[in-house]
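Input: a single structure, listed below in structure tokens.
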Amino acid sequence: MVVTGRRAGPLDAAASALRESTGSVVDALVNDVSAPQSAAAAVAWVEERHGALDILVLNAGGPPPGRILDVSDDQWQQAYELLLLGPLRLSRLVLPRMAERGFGRVLFVTSSAVRQPQPDLAASVVLRSAVNAAAKLLSREFAAEGVTVNCVAPGATATERRRQILESRARQAGTDYAELDAADAAAVPAGRAGRPEEIASVVAFLASEAAGYVNGTVITVDGGRTETI
């Protein structure tokens, strides 16, 4: 198993936690998915040390909060490279190789905001919606060769990203963070934010052989908050 991201500290901590919880060999690779040459370098590194890549989970961090007309050109470009183009570069490399071996799983972690847009997460909503569309197209390419492509769309999850969003909203509204945190959790039918491992469980299922007939879909994991049917 390989975990990759832009910062060595969090990567090493994640790799260490995974080794302890799974007993598996887990390597950490510092790599910026938004950089043009990063995809080829990452795939080569993984294949050299671990062999064929069978499962690819794409979970890029969200861009800064902001409403649709407040996002600058530079911010749009950065978010585009991070959320859409970088993951597509990786998919372009690994999907045909998975098809040759007769098995593969590509999973995009997006957001429930693509189904119920949140105005202050404009860049994320727009570009993760594009990721969902790209995943749908990719899912048709190699399905007959045992390769599936799906999206997992988390709702409110107890991560640093959620804290960042709520702190931004609290500043703009001039309210207390704890009050906004409680109100946000109360808006979820489950009455709480999700746990990261609850998102991971859905990812693990979709990555398994048991999910071989689940392809080209978006699974929302949000405690029932999304109101669309």
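By convention in this document, the chains of the structure tokens carry letters A, B, ... by their order, each chain's residues are numbered from 1, and ligands are numbered from 1 in the order they are shown.
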Exercise for review: Report as an NGL selection string: the residues of stretch 19-207 of chain A with a DSSP assignment of strand (DSSP E or B), based on the backbone of this structure.
Suggested key: :A and (27-30 or 55-58 or 66 or 104-109 or 121 or 147-154 or 157 or 194)
Under the rule of at most 12 Å, produce a per-residue listing of stretch 109-153 of chain A near stretch 64-79 of chain A: chain, number, name, the closest pair of atoms, and the distance in Å, as a tab-separated table, using only C-alpha atoms.
residue	atom	partner	partner_atom	distance
A:Pro117	CA	A:Arg67	CA	11.1
A:Gln118	CA	A:Arg67	CA	8.9
A:Pro119	CA	A:Arg67	CA	5.6
A:Asp120	CA	A:Arg67	CA	4.5
A:Leu121	CA	A:Pro65	CA	4.9
A:Ala122	CA	A:Ile68	CA	4.9
A:Ala123	CA	A:Trp76	CA	6.7
A:Ser124	CA	A:Ala79	CA	7.7
A:Val125	CA	A:Ile68	CA	9.5
A:Val126	CA	A:Ile68	CA	9.0
A:Leu127	CA	A:Ala79	CA	7.5
A:Arg128	CA	A:Ala79	CA	9.7
A:Ala130	CA	A:Ala79	CA	11.7
A:Val131	CA	A:Ala79	CA	11.7
Check your understanding: Skipping near chain neighbours, those fewer than 2 positions away, what residues fall within 8 Å of A:Val147 using only C-alpha atoms, listed as a PyMOL selection string?
Key -> chain A and resi 95+98-99+102-106+139+142-145+149+212
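For the choices A:Leu138, A:Ile55, A:Val109, A:Ala185, the atom-to-atom distance to A:Ser208 is smallest for A:Ile55 when using only C-alpha atoms.
Atom pair atom CA of A:Val33 / atom CA of A:Leu88 has a distance of 9.8 Å (rounded to one decimal).
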